[in-house]
$ cat entry35.txt   # compact mmCIF, C-alpha atoms
# COMPACT_ATOMS: atom_id res chain seq x y z
CA MET A 903 42.58 70.67 11.32
CA THR A 904 40.40 71.59 8.34
CA VAL A 905 39.22 75.20 8.19
CA ALA A 906 36.77 77.08 5.95
CA VAL A 907 37.35 80.81 5.41
CA LYS A 908 34.77 83.55 4.98
CA ASP A 909 34.93 85.08 1.53
CA ASN A 910 36.03 88.53 2.74
CA ILE A 911 39.38 87.21 4.05
CA CYS A 912 42.11 87.26 1.41
CA THR A 913 43.59 83.99 0.14
CA LYS A 914 46.09 83.98 -2.70
CA ASN A 915 45.16 80.50 -3.93
CA MET A 916 41.39 81.06 -3.99
CA PRO A 917 39.11 83.88 -5.15
CA THR A 918 38.05 86.54 -2.65
CA THR A 919 34.73 87.93 -3.88
CA CYS A 920 33.10 89.24 -0.68
CA SER A 921 29.99 87.63 -2.22
CA SER A 922 29.72 90.68 -4.46
CA ALA A 923 29.54 91.17 -8.22
CA MET A 924 31.97 94.04 -7.67
CA LEU A 925 34.78 91.58 -6.81
CA ARG A 926 33.57 88.50 -8.67
CA ALA A 927 36.82 88.31 -10.65
CA PHE A 928 39.19 89.34 -7.85
CA LYS A 929 42.01 87.04 -6.78
CA SER A 930 44.20 88.33 -3.99
CA PRO A 931 48.00 88.39 -4.55
CA LEU A 932 48.55 87.63 -0.85
CA ASP A 933 47.26 85.71 2.13
CA ALA A 934 45.78 87.51 5.11
CA THR A 935 47.82 87.23 8.31
CA VAL A 936 45.29 84.80 9.80
CA ILE A 937 45.65 82.53 6.76
CA GLN A 938 49.44 82.56 7.07
CA LEU A 939 49.21 81.67 10.75
CA LEU A 940 46.83 78.81 10.04
CA THR A 941 48.90 77.28 7.25
CA ASP A 942 52.10 77.68 9.28
CA SER A 943 50.46 75.73 12.11
CA GLY A 944 49.52 72.87 9.77
CA ALA A 945 45.84 73.64 9.17
CA THR A 946 44.24 72.83 5.81
CA ILE A 947 42.13 75.54 4.15
CA ILE A 948 39.29 73.65 2.45
CA GLY A 949 37.60 76.57 0.70
CA LYS A 950 35.82 79.91 0.95
CA ALA A 951 32.46 80.34 2.64
CA ASN A 952 29.51 82.37 1.40
CA CYS A 953 28.55 85.52 3.30
CA ASP A 954 26.41 88.63 3.03
CA GLU A 955 27.89 91.05 0.51
CA PHE A 956 30.88 92.82 2.12
CA GLY A 957 29.63 91.48 5.47
CA MET A 958 26.43 93.56 5.45
CA GLY A 959 23.45 91.58 6.67
CA SER A 960 22.07 89.38 9.42
CA LEU A 961 20.44 86.55 7.44
CA ASN A 962 22.98 85.79 4.68
CA VAL A 963 20.51 86.52 1.89
CA HIS A 964 22.42 89.49 0.40
CA SER A 965 24.92 87.50 -1.64
CA VAL A 966 25.66 87.26 -5.34
CA HIS A 967 26.00 83.50 -4.77
CA GLY A 968 22.50 83.18 -3.30
CA PRO A 969 21.33 82.65 0.30
CA VAL A 970 22.91 80.18 2.72
CA VAL A 971 20.57 77.39 3.87
CA ASN A 972 20.86 76.36 7.52
CA PRO A 973 22.00 72.70 7.57
CA TYR A 974 20.78 72.01 11.12
CA GLN A 975 18.63 68.94 11.57
CA HIS A 976 17.46 67.59 14.89
CA PRO A 977 18.74 64.01 15.47
CA SER A 978 15.13 62.77 15.64
CA ASN A 979 14.34 64.21 12.20
CA ALA A 980 15.10 61.80 9.38
CA ALA A 981 13.74 63.98 6.58
CA SER A 982 15.73 64.19 3.35
CA TRP A 983 17.52 67.42 2.45
CA ASP A 984 14.81 68.40 -0.05
CA ALA A 985 12.09 67.91 2.57
CA ARG A 986 13.74 69.98 5.30
CA ASP A 987 12.79 73.45 6.48
CA ARG A 988 14.63 76.12 4.51
CA ARG A 989 15.87 78.44 7.24
CA SER A 990 18.50 81.17 7.39
CA ALA A 991 21.97 80.30 8.64
CA GLY A 992 22.29 83.85 9.98
CA GLY A 993 24.61 86.54 8.76
CA SER A 994 26.79 87.85 7.71
CA SER A 995 28.96 84.76 8.31
CA GLY A 996 26.28 82.21 7.49
CA GLY A 997 28.49 80.19 5.16
CA SER A 998 31.14 79.70 7.84
CA ALA A 999 28.58 78.57 10.42
CA ALA A 1000 26.84 76.26 7.94
CA ALA A 1001 30.14 74.64 6.89
CA VAL A 1002 30.95 73.77 10.51
CA ALA A 1003 27.39 72.65 11.33
CA ALA A 1004 27.30 70.40 8.26
CA GLY A 1005 30.58 68.72 9.23
CA MET A 1006 32.42 70.00 6.17
CA CYS A 1007 35.30 71.26 8.34
CA ASP A 1008 36.54 71.27 11.92
CA ALA A 1009 36.34 75.04 12.26
CA ALA A 1010 35.85 78.19 10.22
CA LEU A 1011 37.12 81.75 10.14
CA ALA A 1012 34.58 84.54 9.92
CA THR A 1013 34.31 88.24 10.67
CA ASP A 1014 32.13 89.95 13.24
CA THR A 1015 31.16 93.61 12.99
CA GLY A 1016 27.95 93.67 15.02
CA GLY A 1017 27.16 90.00 15.63
CA SER A 1018 28.11 88.27 12.39
CA VAL A 1019 29.82 85.38 14.19
CA ARG A 1020 27.53 84.97 17.20
CA LEU A 1021 24.18 85.17 15.40
CA PRO A 1022 24.99 82.45 12.80
CA ALA A 1023 26.54 80.35 15.57
CA SER A 1024 23.27 80.60 17.50
CA TYR A 1025 21.13 79.71 14.49
CA CYS A 1026 23.31 76.77 13.38
CA SER A 1027 24.11 75.26 16.82
CA VAL A 1028 27.86 75.83 16.72
CA VAL A 1029 30.30 77.75 18.92
CA GLY A 1030 31.19 81.27 17.79
CA LEU A 1031 33.86 83.56 19.29
CA LYS A 1032 34.16 87.28 18.64
CA PRO A 1033 37.52 88.17 20.23
CA SER A 1034 38.47 91.44 21.86
CA TYR A 1035 38.96 94.15 19.25
CA GLY A 1036 42.59 94.20 18.16
CA LEU A 1037 43.66 90.75 19.41
CA ILE A 1038 43.47 88.99 16.02
CA SER A 1039 45.03 90.70 13.02
CA ARG A 1040 42.75 92.21 10.37
CA TRP A 1041 45.56 92.60 7.83
CA GLY A 1042 44.28 91.07 4.59
CA VAL A 1043 40.62 91.28 5.63
CA VAL A 1044 38.39 93.34 3.31
CA SER A 1045 37.11 96.20 5.45
CA PHE A 1046 33.48 96.92 6.24
CA ALA A 1047 33.74 99.09 9.38
CA ASP A 1048 37.32 99.41 10.60
CA SER A 1049 36.56 100.31 14.22
CA LEU A 1050 34.23 97.32 14.64
CA ASP A 1051 35.52 94.52 12.39
CA CYS A 1052 37.03 91.50 14.14
CA VAL A 1053 38.15 88.14 12.76
CA GLY A 1054 36.14 85.53 14.64
CA ILE A 1055 36.23 81.77 14.98
CA MET A 1056 33.54 79.10 14.68
CA GLY A 1057 33.91 75.51 15.84
CA MET A 1058 31.88 72.48 16.82
CA ASP A 1059 33.01 72.90 20.42
CA VAL A 1060 34.71 75.35 22.76
CA SER A 1061 37.94 73.35 22.78
CA SER A 1062 38.58 73.60 19.02
CA THR A 1063 37.58 77.27 19.06
CA SER A 1064 40.04 77.94 21.87
CA LYS A 1065 42.87 76.15 20.03
CA LEU A 1066 42.38 78.29 16.93
CA PHE A 1067 42.22 81.45 19.02
CA ASP A 1068 45.58 80.61 20.63
CA VAL A 1069 47.12 80.26 17.15
CA LEU A 1070 45.68 83.50 15.78
CA SER A 1071 45.94 85.83 18.78
CA VAL A 1072 49.36 87.34 18.09
CA PHE A 1073 50.60 90.88 17.49
CA ASP A 1074 50.87 91.89 13.82
CA GLU A 1075 52.88 95.02 13.04
CA ARG A 1076 51.18 95.26 9.63
CA ASP A 1077 47.80 95.86 11.28
CA PRO A 1078 47.64 99.34 12.86
CA THR A 1079 44.74 98.24 15.08
CA SER A 1080 46.58 95.21 16.47
CA ALA A 1081 46.98 95.38 20.26
CA ARG A 1082 50.59 95.83 21.37
CA PRO A 1083 52.35 92.98 23.25
CA THR A 1084 52.50 95.04 26.45
CA THR A 1085 48.73 95.59 26.35
CA ARG A 1086 48.15 91.87 25.80
CA GLU A 1087 50.38 90.97 28.75
CA LYS A 1088 48.64 93.52 30.95
CA ALA A 1089 45.21 92.06 30.08
CA GLN A 1090 46.42 88.52 30.62
CA ASP A 1091 47.84 89.37 34.04
CA LEU A 1092 44.63 91.04 35.16
CA CYS A 1093 42.51 88.17 33.87
CA SER A 1094 44.73 85.54 35.52
CA GLU A 1095 44.67 87.42 38.82
CA HIS A 1096 40.88 87.35 38.99
CA MET A 1097 40.53 83.85 37.58
CA SER A 1098 42.76 82.59 40.39
CA GLU A 1099 40.05 83.64 42.85
CA CYS A 1100 37.56 81.32 41.12
CA VAL A 1101 37.22 77.58 41.03
CA LEU A 1102 36.91 76.36 37.44
CA SER A 1103 37.45 72.64 37.84
CA ASP A 1104 37.14 69.91 35.22
CA SER A 1105 33.93 68.85 36.96
CA GLY A 1106 32.38 72.23 36.08
CA ASN A 1107 32.42 73.73 39.56
CA LEU A 1108 31.90 77.50 39.36
CA ALA A 1109 32.52 78.49 42.97
CA ASN A 1110 33.25 82.23 43.37
CA ILE A 1111 32.35 83.01 39.76
CA ARG A 1112 30.01 86.02 39.56
CA ILE A 1113 27.76 86.10 36.50
CA GLY A 1114 25.70 89.16 35.57
CA ILE A 1115 22.33 89.04 33.80
CA PRO A 1116 21.62 92.41 32.14
CA GLN A 1117 17.97 93.34 32.54
CA GLU A 1118 18.00 95.34 29.28
CA TYR A 1119 18.67 92.19 27.21
CA PHE A 1120 15.07 90.98 27.34
CA PRO A 1121 13.29 93.15 24.76
CA ALA A 1122 9.66 92.71 23.76
CA SER A 1123 10.79 90.93 20.57
CA LEU A 1124 12.45 88.13 22.60
CA GLU A 1125 10.48 84.92 22.11
CA SER A 1126 9.18 83.20 25.23
CA SER A 1127 10.90 79.92 24.30
CA VAL A 1128 14.25 81.78 24.29
CA VAL A 1129 13.61 83.04 27.82
CA SER A 1130 12.65 79.60 29.16
CA ARG A 1131 15.77 77.96 27.70
CA PHE A 1132 17.98 80.76 28.98
CA ARG A 1133 16.51 80.42 32.48
CA ARG A 1134 17.29 76.72 32.40
CA VAL A 1135 20.96 77.51 31.73
CA VAL A 1136 21.02 80.08 34.55
CA ARG A 1137 19.55 77.57 37.01
CA ALA A 1138 22.18 75.00 36.00
CA LEU A 1139 24.98 77.54 36.56
CA LYS A 1140 23.62 78.33 40.01
CA ASN A 1141 23.60 74.60 40.80
CA ARG A 1142 27.30 74.51 39.87
CA GLY A 1143 28.09 77.16 42.48
CA ALA A 1144 27.99 80.35 40.40
CA THR A 1145 26.67 83.56 41.92
CA VAL A 1146 24.14 85.02 39.48
CA LEU A 1147 23.36 88.72 39.86
CA PRO A 1148 21.13 91.18 37.99
CA VAL A 1149 23.05 94.03 36.39
CA SER A 1150 22.01 97.10 34.45
CA LEU A 1151 23.48 98.35 31.19
CA PRO A 1152 21.17 101.36 30.76
CA ASN A 1153 22.43 102.57 27.37
CA THR A 1154 21.75 99.25 25.64
CA SER A 1155 18.60 100.63 24.02
CA TYR A 1156 20.72 103.07 21.98
CA ALA A 1157 23.21 100.46 20.77
CA LEU A 1158 21.50 99.40 17.54
CA SER A 1159 20.96 102.98 16.34
CA ALA A 1160 24.53 103.98 17.17
CA TYR A 1161 25.87 100.86 15.48
CA TYR A 1162 24.13 101.43 12.17
CA VAL A 1163 25.24 105.06 12.01
CA ILE A 1164 28.89 104.25 12.78
CA ALA A 1165 29.11 101.08 10.68
CA SER A 1166 27.39 102.64 7.66
CA ALA A 1167 29.55 105.78 7.85
CA GLU A 1168 32.74 103.71 7.91
CA ALA A 1169 31.42 101.45 5.13
CA SER A 1170 30.67 104.41 2.85
CA SER A 1171 34.27 105.53 3.29
CA ASN A 1172 35.81 102.07 2.84
CA LEU A 1173 33.75 101.16 -0.21
CA ALA A 1174 34.51 104.42 -2.03
CA ARG A 1175 37.58 102.72 -3.52
CA TYR A 1176 35.42 100.37 -5.59
CA ASP A 1177 34.79 102.70 -8.50
CA GLY A 1178 35.62 100.44 -11.45
CA VAL A 1179 38.81 102.39 -12.12
CA GLN A 1180 41.02 101.76 -9.09
CA TYR A 1181 39.35 98.56 -7.92
CA GLY A 1182 36.45 96.31 -8.76
CA LEU A 1183 34.13 95.63 -11.64
CA HIS A 1184 34.46 98.04 -14.55
CA VAL A 1185 31.41 98.75 -16.69
CA PRO A 1186 32.33 100.71 -19.84
CA LEU A 1187 30.25 103.60 -21.11
CA PRO A 1188 27.62 102.71 -23.71
CA PRO A 1189 28.92 103.01 -27.29
CA GLY A 1190 28.84 106.58 -28.55
CA SER A 1191 28.28 108.20 -25.14
CA ILE A 1192 30.65 110.69 -23.53
CA ALA A 1193 31.07 111.05 -19.77
CA ARG A 1194 30.77 114.61 -18.55
CA SER A 1195 32.29 113.82 -15.15
CA PRO A 1196 34.17 111.01 -13.40
CA GLY A 1197 31.05 110.40 -11.32
CA GLU A 1198 29.17 109.19 -14.37
CA VAL A 1199 31.88 106.60 -15.04
CA TYR A 1200 31.89 105.46 -11.42
CA ALA A 1201 28.10 105.26 -11.25
CA LEU A 1202 27.88 102.66 -13.99
CA SER A 1203 30.28 100.30 -12.23
CA ARG A 1204 28.92 100.86 -8.72
CA THR A 1205 25.30 100.43 -9.86
CA ALA A 1206 26.10 97.09 -11.47
CA GLY A 1207 28.62 95.90 -8.89
CA PHE A 1208 26.87 96.59 -5.57
CA GLY A 1209 23.74 94.88 -4.32
CA ALA A 1210 20.72 96.68 -2.87
CA GLU A 1211 21.75 96.28 0.79
CA VAL A 1212 25.25 97.64 0.23
CA LYS A 1213 23.83 100.62 -1.67
CA ARG A 1214 21.43 101.37 1.19
CA ARG A 1215 24.22 101.41 3.76
CA ILE A 1216 26.50 103.53 1.57
CA LEU A 1217 23.73 106.10 1.19
CA LEU A 1218 22.99 106.09 4.93
CA GLY A 1219 26.67 106.37 5.82
CA THR A 1220 27.37 109.11 3.31
CA TYR A 1221 24.51 111.15 4.72
CA ALA A 1222 25.73 110.64 8.30
CA LEU A 1223 29.11 112.13 7.30
CA THR A 1224 27.72 115.23 5.59
CA ALA A 1225 28.30 118.59 7.22
CA ASP A 1226 24.61 118.96 8.14
CA ALA A 1227 24.32 115.54 9.79
CA PHE A 1228 27.81 114.91 11.20
CA ASP A 1229 27.20 116.41 14.65
CA ASN A 1230 23.68 115.10 15.09
CA TYR A 1231 24.33 111.57 13.86
CA PHE A 1232 27.95 110.43 13.66
CA LEU A 1233 29.35 112.30 16.67
CA GLN A 1234 26.27 111.52 18.74
CA ALA A 1235 26.62 107.83 17.86
CA GLN A 1236 30.26 107.93 19.00
CA ARG A 1237 29.22 109.48 22.32
CA LEU A 1238 26.65 106.74 22.81
CA ARG A 1239 29.25 104.13 21.96
CA GLN A 1240 31.44 105.41 24.78
CA ARG A 1241 28.50 105.32 27.17
CA ILE A 1242 27.78 101.70 26.22
CA ARG A 1243 31.40 100.79 26.89
CA ASP A 1244 31.29 102.65 30.20
CA ASP A 1245 28.22 100.57 31.18
CA PHE A 1246 30.23 97.37 30.76
CA MET A 1247 33.22 98.78 32.65
CA ARG A 1248 30.92 99.70 35.52
CA VAL A 1249 29.55 96.15 35.96
CA LEU A 1250 32.66 94.06 35.21
CA LEU A 1251 34.89 93.09 38.13
CA THR A 1252 38.19 92.93 36.22
CA PRO A 1253 39.71 96.41 35.64
CA ASP A 1254 39.96 97.75 32.09
CA PRO A 1255 43.44 96.92 30.72
CA LEU A 1256 43.04 99.59 28.02
CA ALA A 1257 42.77 102.39 30.60
CA GLN A 1258 45.83 104.60 31.00
CA SER A 1259 46.06 103.67 34.66
CA VAL A 1260 44.63 100.42 36.02
CA SER A 1261 41.88 101.04 38.56
CA SER A 1262 41.06 98.91 41.56
CA PRO A 1263 38.81 95.89 40.95
CA ASN A 1264 35.09 96.53 41.18
CA LEU A 1265 34.33 94.21 44.10
CA ASP A 1266 30.60 94.51 43.45
CA GLY A 1267 31.09 93.63 39.79
CA VAL A 1268 30.79 90.39 37.84
CA HIS A 1269 33.37 88.28 36.03
CA VAL A 1270 31.21 87.81 32.92
CA VAL A 1271 27.85 88.92 31.54
CA LEU A 1272 25.42 86.30 30.23
CA HIS A 1273 22.56 86.83 27.76
CA PRO A 1274 20.69 85.06 24.93
CA SER A 1275 22.55 85.28 21.60
CA ALA A 1276 19.42 86.01 19.55
CA VAL A 1277 15.81 87.04 20.04
CA ARG A 1278 14.51 84.01 18.13
CA THR A 1279 15.48 80.86 16.29
CA ALA A 1280 16.51 80.97 12.62
CA PRO A 1281 13.79 82.55 10.44
CA HIS A 1282 12.51 80.80 7.31
CA LEU A 1283 14.23 81.94 4.14
CA ASN A 1284 10.89 82.50 2.45
CA ASP A 1285 9.61 84.70 5.29
CA GLU A 1286 8.87 88.26 4.25
CA GLN A 1287 11.16 90.21 6.58
CA ASP A 1288 9.72 93.55 7.64
CA GLY A 1289 12.05 96.41 6.71
CA LEU A 1290 12.89 97.03 10.37
CA ASP A 1291 12.96 93.38 11.50
CA ALA A 1292 15.80 92.62 9.12
CA TYR A 1293 17.95 95.15 11.00
CA THR A 1294 17.04 94.10 14.56
CA GLN A 1295 18.39 90.54 14.48
CA ASP A 1296 21.65 91.82 16.03
CA VAL A 1297 19.99 93.74 18.86
CA LEU A 1298 21.59 91.52 21.56
CA THR A 1299 25.04 91.21 19.96
CA VAL A 1300 25.79 94.81 18.94
CA PRO A 1301 26.64 96.22 22.43
CA ALA A 1302 29.68 93.95 22.92
CA SER A 1303 30.89 94.93 19.43
CA LEU A 1304 30.59 98.63 20.17
CA ALA A 1305 32.50 98.10 23.43
CA GLY A 1306 35.19 95.97 21.72
CA LEU A 1307 34.76 93.14 24.25
CA PRO A 1308 35.12 89.36 23.76
CA ALA A 1309 31.85 87.47 23.35
CA LEU A 1310 31.28 83.72 22.93
CA SER A 1311 28.05 82.10 21.74
CA VAL A 1312 27.55 78.53 22.98
CA PRO A 1313 24.62 76.33 21.83
CA MET A 1314 21.83 75.65 24.30
CA ALA A 1315 20.28 72.20 24.28
CA VAL A 1316 17.20 71.90 22.08
CA GLY A 1317 14.44 70.97 24.52
CA ILE A 1318 10.68 70.76 24.30
CA GLU A 1319 10.35 74.54 24.25
CA GLY A 1320 9.82 76.37 20.99
CA ASP A 1321 10.08 75.04 17.46
CA GLY A 1322 12.92 72.53 17.89
CA TRP A 1323 15.59 74.77 16.32
CA PRO A 1324 18.83 75.77 18.08
CA LEU A 1325 19.67 78.86 20.07
CA GLY A 1326 22.84 80.13 21.69
CA VAL A 1327 23.74 81.79 24.96
CA SER A 1328 26.46 84.47 24.94
CA VAL A 1329 29.23 85.04 27.48
CA VAL A 1330 30.79 88.53 27.48
CA GLY A 1331 33.93 89.42 29.44
CA GLN A 1332 36.49 92.15 29.98
CA TRP A 1333 38.81 93.13 27.11
CA GLY A 1334 41.55 90.51 26.74
CA CYS A 1335 39.84 88.01 29.08
CA GLU A 1336 39.09 85.38 26.44
CA THR A 1337 40.50 82.73 28.81
CA MET A 1338 37.74 83.43 31.32
CA VAL A 1339 35.03 83.71 28.66
CA LEU A 1340 36.07 80.39 27.08
CA ALA A 1341 36.29 78.70 30.50
CA VAL A 1342 32.75 79.70 31.44
CA GLY A 1343 31.59 78.81 27.92
CA GLY A 1344 33.16 75.37 28.30
CA VAL A 1345 31.19 74.75 31.51
CA ILE A 1346 27.94 75.81 29.80
CA GLU A 1347 28.76 73.50 26.90
CA GLY A 1348 29.26 70.59 29.31
CA ILE A 1349 25.98 71.36 31.05
CA GLU A 1350 24.03 71.53 27.80
CA ARG A 1351 25.58 68.32 26.47
CA GLY A 1352 24.82 66.55 29.72
CA VAL A 1353 28.49 66.02 30.59
$ encode --input "entry35.txt" --output "structure tokens"
Amino acid sequence: MTVAVKDNICTKNMPTTCSSAMLRAFKSPLDATVIQLLTDSGATIIGKANCDEFGMGSLNVHSVHGPVVNPYQHPSNAASWDARDRRSAGGSSGGSAAAVAAGMCDAALATDTGGSVRLPASYCSVVGLKPSYGLISRWGVVSFADSLDCVGIMGMDVSSTSKLFDVLSVFDERDPTSARPTTREKAQDLCSEHMSECVLSDSGNLANIRIGIPQEYFPASLESSVVSRFRRVVRALKNRGATVLPVSLPNTSYALSAYYVIASAEASSNLARYDGVQYGLHVPLPPGSIARSPGEVYALSRTAGFGAEVKRRILLGTYALTADAFDNYFLQAQRLRQRIRDDFMRVLLTPDPLAQSVSSPNLDGVHVVLHPSAVRTAPHLNDEQDGLDAYTQDVLTVPASLAGLPALSVPMAVGIEGDGWPLGVSVVGQWGCETMVLAVGGVIEGIERGV
């Protein structure tokens, strides 16, 4: 299997720049754990994929290498490359999604902090899996936000994505956030117990599967063509025997605000190391000048090395961690994060394997939650993105990230609705229940491909 790797995952035989001038000359002395696992299993690493700088962005336009162009082309469109629409591949893992969509590789590794696997997967018509937090090792991955970052997988289909997940989902003692073997076994047992109640046959029968549709995942910004395509998928699942139920996740509206406070705060801490002395680009003082403080030396390197988006998030995160703002912003965001996770635990049928004591199954709950992966199709690269719009692309993907739950984006068929560009539908499950999420995703894939 050929695999592309996002440029924030360390590879000793290739540069790891994080698409930033700060690390343009950096070459890692080691391979990340996920790279070791891939090469040990016989996979071929074909190269590094462009991304938003340090993983910060939703459109893959914040890169020292330039923006990623979405390679999608409808089969009925015979236009040459130069004549095609120039649309975003999504971010921050746009390069990984584009490499898979263009047929350059069988699959790609990416990272997902708030939707950076699922959003590009939706825009580029590929499958994208964000695993449960802690299931795939982050050792050797350049950190953005430690409590949110996950190594994700992109593939042309659910089957290849599942195969890679099986290879990479192992305990790594070098990663302090890696889930312990006992926790993994506990989650697998709970998932298997509740999957045994369902009928997931090769023919796509979904008898006894309960699917929840969260009413909060249809914001005003959701395009009508997205809703019509999503409804078509829901009708098809009902026809296969699934029980589709409305559910409520009432704290969803706070997710985006909480995410940007937490992610920016952690980023400001993680990126403090890039000062031009310990790590990263070093810009010397102008001839004849004398630095009056270390900060003046650092400022030269950080000003030249970081792009505008990274600087914005560092400033926001640093403010959120100040004494005056810590209680009102960072701690409040953490409280909201717990509420968002509690919302999912309240609607999911399978008990939480991370709880100290396993509770009884929620018999009124659902096996998985289903929602559109994005509010719209891929925007044009030359569109002037409103300051707020650029930060709301992840509005539907952020809640699962805050809750640490597995989420899979599967392409929906491109019908007569909308502008003819792809969209994805996301399946979210209980922590450690990737097997169930992938199984339901596989049925949706079969439906949308007319199998």
$ residues_around --input "entry35.txt" --residues "Cys912 (chain A)" --least-positions-apart "4" --cutoff "9 Å" --atoms "only C-alpha atoms" --output "list in words"
Val907, Lys908, Met916, Pro917, Thr918, Lys929, Ser930, Pro931, Leu932, Asp933, Ala934, Thr935, Ile937, Gly1042, Val1043 and Val1044 of chain A
$ residues_around --input "entry35.txt" --residues "region 1116-1120 of chain A" --least-positions-apart "6" --cutoff "7 Å" --atoms "only C-alpha atoms" --output "list in words"
Pro1148, Val1149, Ser1150, Leu1151, Pro1152, Thr1154, His1273 and Leu1298 of chain A
$ atom_distance --input "entry35.txt" --atom1 "CA of Val936 (chain A)" --atom2 "CA of Asp1074 (chain A)"
9.9 Å
$ atom_distance --input "entry35.txt" --atom1 "CA of Arg1214 (chain A)" --atom2 "CA of Ala1122 (chain A)"
26.9 Å
$ residues_around --input "entry35.txt" --residues "Pro1196 (chain A)" --least-positions-apart "5" --cutoff "12 Å" --atoms "all atoms listed in the file" --output "list in words"
Asp1177, Gly1178, Val1179, Leu1187, Ala1201, Leu1202 and Ser1203 of chain A
$ closest_residue --input "entry35.txt" --among "A:Lys1032, A:Arg989, A:Lys950, A:Arg1243" --to "Ser1328 (chain A)" --atoms "only C-alpha atoms"
A:Lys1032
$ atom_distance --input "entry35.txt" --atom1 "CA of Arg1278 (chain A)" --atom2 "CA of Tyr974 (chain A)"
15.2 Å
$ residues_around --input "entry35.txt" --residues "region 1050-1059 of chain A" --least-positions-apart "3" --cutoff "6 Å" --atoms "all atoms listed in the file" --output "list in words"
Ala1009, Ala1010, Leu1011, Ala1012, Thr1013, Asp1014, Thr1015, Val1028, Val1029, Gly1030, Leu1031, Lys1032, Ala1047, Ser1062 and Thr1063 of chain A
$ closest_residue --input "entry35.txt" --among "A:Glu1350, A:Glu955, A:Asp1068, A:Asp1245" --to "Pro1033 (chain A)" --atoms "only C-alpha atoms"
A:Asp1068
